[in-house]
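Raw model.cif, mmCIF, C-alpha atoms and all ligand atoms:
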```cif
data_model
loop_
_atom_site.label_atom_id
_atom_site.label_comp_id
_atom_site.auth_asym_id
_atom_site.auth_seq_id
_atom_site.Cartn_x
_atom_site.Cartn_y
_atom_site.Cartn_z
CA MET I 1 0.00 0.00 0.00
CA PHE I 2 2.76 2.46 0.97
CA ASN I 3 6.22 2.48 -0.55
CA TYR I 4 9.36 3.69 1.13
CA PRO I 5 9.65 7.46 0.60
CA VAL I 6 13.37 7.14 -0.14
CA GLU I 7 15.27 4.33 -1.74
CA ASP I 8 18.24 2.55 -0.33
CA ALA I 9 18.47 4.56 2.89
CA LYS I 10 19.44 3.50 6.36
CA LEU I 11 16.89 3.41 9.15
CA THR I 12 18.60 5.49 11.84
CA SER I 13 15.75 5.83 14.30
CA PRO I 14 12.66 3.66 14.67
CA PHE I 15 9.16 4.65 15.68
CA GLY I 16 8.82 4.24 19.38
CA ARG I 17 6.99 4.93 22.57
CA ASP I 18 7.84 4.35 26.13
CA VAL I 19 6.41 5.34 29.46
CA LEU I 20 8.51 7.43 31.78
CA ASN I 21 7.17 8.78 35.10
CA GLY I 22 3.71 7.91 33.87
CA ARG I 23 4.12 9.94 30.71
CA VAL I 24 4.16 8.47 27.27
CA ARG I 25 6.88 9.93 25.12
CA SER I 26 7.47 9.12 21.54
CA HIS I 27 9.30 9.41 18.29
CA PHE I 28 6.27 9.66 16.03
CA GLY I 29 7.98 8.60 12.86
CA ILE I 30 11.02 6.89 11.46
CA ASP I 31 14.28 8.47 10.36
CA LEU I 32 15.86 7.40 7.10
CA ALA I 33 19.31 8.66 6.23
CA LYS I 34 21.43 8.71 3.12
CA SER I 35 24.04 11.12 1.78
CA GLY I 36 23.98 13.04 -1.48
CA ALA I 37 20.98 14.31 -3.46
CA VAL I 38 18.20 11.95 -2.41
CA ASN I 39 14.70 12.23 -3.83
CA VAL I 40 11.86 12.10 -1.30
CA LYS I 41 8.85 10.44 -2.90
CA ALA I 42 5.17 10.23 -2.05
CA ALA I 43 4.63 6.90 -0.27
CA ALA I 44 1.22 6.58 -1.92
CA ALA I 45 -1.02 8.64 -4.21
CA GLY I 46 -2.81 11.49 -2.48
CA VAL I 47 -3.33 15.21 -2.12
CA VAL I 48 -0.83 17.62 -0.56
CA SER I 49 -2.39 18.99 2.63
CA GLN I 50 0.54 21.10 3.88
CA SER I 51 3.78 22.33 2.35
CA TYR I 52 5.73 24.84 4.44
CA ARG I 53 8.78 25.43 6.59
CA SER I 54 8.78 25.20 10.39
CA ASP I 55 11.44 25.36 13.10
CA SER I 56 10.96 21.72 14.02
CA TYR I 57 9.97 19.90 10.82
CA GLY I 58 11.98 22.23 8.62
CA GLU I 59 10.92 22.07 4.99
CA VAL I 60 7.98 19.70 5.20
CA VAL I 61 5.23 18.24 3.03
CA PHE I 62 2.09 16.47 4.27
CA VAL I 63 0.05 14.24 1.97
CA VAL I 64 -3.46 12.93 2.66
CA HIS I 65 -4.28 9.53 1.19
CA ASN I 66 -7.57 7.77 0.72
CA LEU I 67 -6.81 4.08 0.44
CA GLY I 68 -9.40 1.35 0.62
CA GLY I 69 -11.93 3.81 2.05
CA LYS I 70 -9.55 4.84 4.85
CA THR I 71 -7.82 8.16 5.36
CA TYR I 72 -4.09 8.34 6.08
CA GLU I 73 -1.67 11.23 6.24
CA THR I 74 2.06 11.06 5.64
CA VAL I 75 4.66 13.64 6.69
CA TYR I 76 8.03 14.22 5.00
CA ALA I 77 10.23 16.47 7.15
CA HIS I 78 13.66 18.17 7.11
CA MET I 79 13.81 18.44 3.33
CA ARG I 80 16.50 20.50 1.66
CA ALA I 81 15.85 24.27 1.64
CA GLY I 82 14.05 25.28 -1.51
CA SER I 83 13.62 21.71 -2.75
CA ARG I 84 9.88 21.31 -2.13
CA LYS I 85 8.22 20.69 -5.47
CA VAL I 86 4.55 20.57 -4.46
CA ASN I 87 2.03 23.03 -3.09
CA VAL I 88 -1.09 22.53 -0.99
CA GLY I 89 -3.91 21.03 -3.02
CA ALA I 90 -1.69 19.30 -5.56
CA SER I 91 -2.54 15.70 -6.43
CA VAL I 92 0.49 13.47 -6.29
CA LYS I 93 1.08 9.99 -7.65
CA GLN I 94 2.74 7.23 -5.68
CA GLY I 95 6.48 7.70 -6.10
CA GLN I 96 6.19 11.32 -7.26
CA VAL I 97 9.14 13.39 -6.08
CA LEU I 98 8.17 15.86 -3.34
CA GLY I 99 11.63 17.32 -2.76
CA LEU I 100 15.12 16.39 -1.65
CA MET I 101 16.24 14.87 1.62
CA GLY I 102 17.84 17.59 3.74
CA ASN I 103 18.75 18.86 7.15
CA THR I 104 16.35 21.76 7.79
CA GLY I 105 14.49 22.42 11.04
CA TYR I 106 15.43 20.40 14.09
CA SER I 107 17.68 17.96 12.38
CA TYR I 108 21.15 16.68 13.06
CA GLY I 109 22.50 15.65 9.74
CA GLN I 110 20.76 14.85 6.49
CA HIS I 111 17.80 12.52 6.95
CA LEU I 112 14.12 12.18 6.26
CA HIS I 113 11.77 12.13 9.24
CA PHE I 114 8.75 10.24 7.93
CA GLU I 115 5.44 9.94 9.77
CA LEU I 116 2.39 7.90 8.90
CA HIS I 117 -0.95 8.65 10.54
CA ALA I 118 -3.95 6.31 10.33
CA GLY I 119 -6.40 9.20 10.02
CA ARG I 120 -5.40 12.84 9.86
CA TRP I 121 -2.31 14.33 11.48
CA ASN I 122 -3.13 16.25 14.66
CA GLU I 123 -1.15 18.24 17.23
CA THR I 124 -0.87 15.34 19.64
CA LYS I 125 -0.05 12.92 16.82
CA SER I 126 -2.50 10.47 18.34
CA ASN I 127 -3.02 8.76 14.98
CA ALA I 128 0.67 8.08 14.38
CA VAL I 129 1.44 4.46 13.55
CA ASP I 130 4.71 2.65 12.98
CA PRO I 131 5.44 3.19 9.27
CA LEU I 132 7.47 -0.01 9.13
CA LYS I 133 4.25 -1.98 9.61
CA TYR I 134 2.76 -0.38 6.48
CA LEU I 135 5.68 0.01 4.12
CA ASP I 136 5.83 -2.60 1.42
CA LYS I 137 9.48 -3.36 1.29
CA VAL I 138 12.36 -3.21 3.68
CA ALA I 139 14.68 -0.25 3.19
CA PRO I 140 18.07 -1.63 2.29
CA ALA I 141 20.77 -0.26 4.54
CA SER I 142 23.20 0.93 1.90
CA ASN I 143 25.68 2.41 4.30
CA ALA I 144 25.75 -0.62 6.55
CA SER I 145 28.86 -2.66 6.21
CA SER I 146 28.58 -6.25 5.17
CA HIS I 147 30.57 -9.35 5.89
CA THR I 148 30.99 -12.21 3.47
CA ILE I 149 30.73 -15.46 5.37
CA LYS I 150 33.84 -17.61 5.24
CA SER I 151 34.32 -21.26 6.13
CA GLY I 152 34.48 -21.68 9.90
CA ASP I 153 32.78 -18.36 10.72
CA THR I 154 30.32 -18.26 13.58
CA LEU I 155 27.93 -15.43 14.36
CA TRP I 156 29.75 -15.00 17.64
CA ASP I 157 33.11 -14.46 15.88
CA ILE I 158 31.56 -12.08 13.36
CA ALA I 159 29.78 -10.09 16.08
CA LYS I 160 33.04 -9.76 17.98
CA ALA I 161 34.96 -8.70 14.87
CA TYR I 162 32.49 -5.92 14.06
CA GLY I 163 31.85 -4.73 17.59
CA THR I 164 28.23 -5.81 17.62
CA SER I 165 26.25 -8.65 19.22
CA VAL I 166 24.84 -11.97 17.99
CA LYS I 167 21.38 -10.67 18.89
CA ASP I 168 21.85 -7.58 16.70
CA LEU I 169 23.21 -9.67 13.83
CA GLU I 170 20.15 -11.90 14.02
CA ARG I 171 17.88 -8.86 14.08
CA LEU I 172 19.63 -7.31 11.07
CA ASN I 173 19.66 -10.59 9.15
CA PRO I 174 16.33 -12.27 9.86
CA SER I 175 16.68 -14.80 7.06
CA VAL I 176 20.02 -16.11 8.26
CA ASP I 177 20.12 -19.45 10.05
CA ALA I 178 22.78 -19.07 12.75
CA LYS I 179 23.34 -22.83 12.87
CA ALA I 180 23.88 -23.18 9.13
CA LEU I 181 25.75 -20.13 7.86
CA LYS I 182 26.12 -20.20 4.10
CA ILE I 183 29.66 -19.63 2.91
CA GLY I 184 29.79 -16.69 0.50
CA ALA I 185 26.53 -15.16 1.74
CA LYS I 186 26.60 -11.54 2.86
CA LEU I 187 25.66 -10.50 6.37
CA ASN I 188 24.61 -6.99 7.32
CA VAL I 189 26.95 -6.08 10.16
CA ALA I 190 25.97 -2.43 10.78
CA LYS I 191 27.92 -1.36 13.78
CA LYS I 192 26.62 0.56 16.72
CA ALA I 193 28.09 3.96 17.40
CA ASP I 194 31.52 3.56 18.89
CA SER I 195 30.75 5.41 22.07
CA TYR I 196 27.28 4.10 22.56
CA SER I 197 26.61 0.63 23.79
CA GLY I 198 23.15 -0.88 24.00
CA LYS I 199 20.90 1.30 26.08
CA LYS I 200 23.67 2.94 28.05
CA LEU I 201 25.66 6.01 27.27
CA VAL I 202 29.30 5.27 27.87
CA CYS I 203 30.86 8.67 27.19
CA LYS I 204 31.22 11.44 29.71
CA VAL I 205 28.61 14.01 28.86
CA ALA I 206 28.93 17.75 29.18
CA LYS I 207 25.77 19.13 27.64
CA LEU I 208 22.28 17.95 26.87
CA LYS I 209 19.98 19.78 24.49
CA PHE I 210 16.33 18.99 24.68
CA TYR I 211 13.15 20.01 23.02
CA SER I 212 10.75 21.92 25.16
CA LYS I 213 8.10 23.93 23.44
CA PRO I 214 8.31 26.48 22.00
CA SER I 215 12.03 26.37 21.41
CA TRP I 216 15.15 24.35 21.83
CA GLN I 217 16.85 24.78 25.14
CA GLN I 218 20.21 23.73 26.32
CA LYS I 219 21.10 22.64 29.82
CA ASP I 220 24.50 22.02 31.18
CA VAL I 221 24.15 18.63 32.72
CA ALA I 222 27.72 17.87 33.64
CA GLY I 223 27.46 16.36 37.06
CA HIS I 224 24.06 14.86 36.37
CA LEU I 225 25.53 12.36 34.01
CA THR I 226 28.06 9.74 34.81
CA LYS I 227 29.63 6.94 32.87
CA GLY I 228 27.13 4.26 31.95
CA ILE I 229 24.01 6.20 32.95
CA GLY I 230 20.83 5.39 31.06
CA PHE I 231 18.84 8.08 29.31
CA PRO I 232 15.57 7.41 31.09
CA THR I 233 17.48 8.25 34.27
CA VAL I 234 18.76 11.49 32.76
CA VAL I 235 15.28 12.45 31.66
CA ARG I 236 13.89 11.77 35.13
CA LYS I 237 16.65 13.81 36.76
CA LEU I 238 16.13 16.78 34.49
CA LYS I 239 12.32 16.53 34.49
CA VAL I 240 12.36 17.00 30.75
CA ASP I 241 8.93 16.93 29.17
CA ASP I 242 8.06 16.47 25.52
CA ALA I 243 11.56 15.41 24.76
CA TYR I 244 12.09 12.77 22.22
CA GLN I 245 15.51 13.35 20.77
CA TYR I 246 18.54 14.40 22.74
CA GLU I 247 21.75 15.94 21.59
CA ILE I 248 24.67 15.01 23.76
CA LYS I 249 28.21 16.33 23.62
CA ASN I 250 30.93 14.31 25.21
CA SER I 251 34.03 15.70 26.86
CA LYS I 252 35.86 15.75 23.53
CA GLY I 253 33.10 17.77 21.88
CA ALA I 254 31.74 14.91 19.76
CA THR I 255 27.97 15.02 19.33
CA PHE I 256 25.66 12.06 19.91
CA TYR I 257 21.93 11.75 19.51
CA VAL I 258 19.66 9.42 21.40
CA THR I 259 15.93 9.08 21.79
CA ALA I 260 14.19 9.36 25.12
CA ASN I 261 13.80 5.62 25.38
CA GLY I 262 17.53 5.26 25.08
CA ALA I 263 17.66 4.03 21.52
CA TYR I 264 20.58 5.25 19.50
CA VAL I 265 19.69 7.81 16.84
CA ASP I 266 22.68 9.22 15.08
CA VAL I 267 26.26 10.34 15.48
CA LYS I 268 27.75 13.27 13.63
ZN ZN Q 1 12.54 11.55 13.29
#
```

Here is a file; write its structure as structure tokens.
Amino acid sequence: MFNYPVEDAKLTSPFGRDVLNGRVRSHFGIDLAKSGAVNVKAAAAGVVSQSYRSDSYGEVVFVVHNLGGKTYETVYAHMRAGSRKVNVGASVKQGQVLGLMGNTGYSYGQHLHFELHAGRWNETKSNAVDPLKYLDKVAPASNASSHTIKSGDTLWDIAKAYGTSVKDLERLNPSVDAKALKIGAKLNVAKKADSYSGKKLVCKVAKLKFYSKPSWQQKDVAGHLTKGIGFPTVVRKLKVDDAYQYEIKNSKGATFYVTANGAYVDVK
């Protein structure tokens, strides 16, 4: 029904919700990243309902779809400045180019933030659904590294060699039978960020930026954060509301991004 809005990109942040201090907090879409000039395409045929620039979404297009008698709305955010090709009211075909992937608005490197709503988009995003459950094909991770299986390889050895885990290898390669690895077959061995391990931050953190309406704020959180602390703990300590993506700088000035539920987002 819906196609991926970009081809051959890497999924850098999944759709997710978790409950923290009784509050549900969420990433209401998925992030797909790829470098270069990347066309952003309508996931299905529909009518453009919004096309504008905002501080958070950046250059963004919304498309309303009527599929099988049901209404859906898709959102394509952070597109390249000046690249939007469609105006409100325009009918678009599935696969029609809406603009170019970019880094406008609250964005931390070129990516597409894509939302799918079962029903119309609303302020609380209560209709947001996990796009991965609706998209017809899996986005190939073009910038993931791959490993060609050699005689005698085990998943454990491969995981160790690439700094990942057997569990992650199995998740990234669902069709692979760990007990009968095929020599010559390619495994996706996308590595985790070097300084981020599982659901724990392992770098010393100096600053945390968080989203708090109506604008981005920055708090110096040195002292709040210690080696190995989990992000839910940070969020509780800082009483951060509405936050869903965090920008972290470590002591060397490198920037890391994580979601509120502790999932790794991106490293620049
Ligand atoms: Zn996003």

Can you pull out every residue within 6 Å of stretch 113-123 of chain I, counting all atoms listed in the file, but drop anything in the same chain fewer than 4 positions away, and send it as an mmCIF file with C-alpha atoms, in the frame of the given file?
```cif
data_model
loop_
_atom_site.group_PDB
_atom_site.id
_atom_site.type_symbol
_atom_site.label_atom_id
_atom_site.label_comp_id
_atom_site.auth_asym_id
_atom_site.auth_seq_id
_atom_site.Cartn_x
_atom_site.Cartn_y
_atom_site.Cartn_z
ATOM 1 C CA GLY I 29 7.980 8.600 12.860
ATOM 2 C CA ILE I 30 11.020 6.890 11.460
ATOM 3 C CA ASP I 31 14.280 8.470 10.360
ATOM 4 C CA THR I 71 -7.820 8.160 5.360
ATOM 5 C CA TYR I 72 -4.090 8.340 6.080
ATOM 6 C CA GLU I 73 -1.670 11.230 6.240
ATOM 7 C CA THR I 74 2.060 11.060 5.640
ATOM 8 C CA VAL I 75 4.660 13.640 6.690
ATOM 9 C CA TYR I 76 8.030 14.220 5.000
ATOM 10 C CA ALA I 77 10.230 16.470 7.150
ATOM 11 C CA ASN I 127 -3.020 8.760 14.980
ATOM 12 C CA ALA I 128 0.670 8.080 14.380
ATOM 13 C CA VAL I 129 1.440 4.460 13.550
ATOM 14 C CA PRO I 131 5.440 3.190 9.270
#
```

**Asked** With all atoms listed in the file as the basis for distance, which of I:Ser151, I:Ser83, I:Thr124, I:Asn188 is at the shortest distance from I:Met101?
**Response**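 Using all atoms listed in the file, I:Met101 sits closest to I:Ser83.
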
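Distance-wise, atom CA of I:Leu67 and atom CA of I:Ala90 end up 17.1 Å apart.
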
**Asked** For ligand ZN 1 (chain Q), which residue out of I:His27, I:Arg53, I:Lys93, I:Lys85 is the nearest one, using all atoms listed in the file?
**Response** I:His27

**Item:** Surrounding residues of I:Tyr106 excluding itself and chain neighbours under 3 positions, 7 Å, all atoms listed in the file, as a VMD selection string
**Value:** chain I and resid 55 to 58
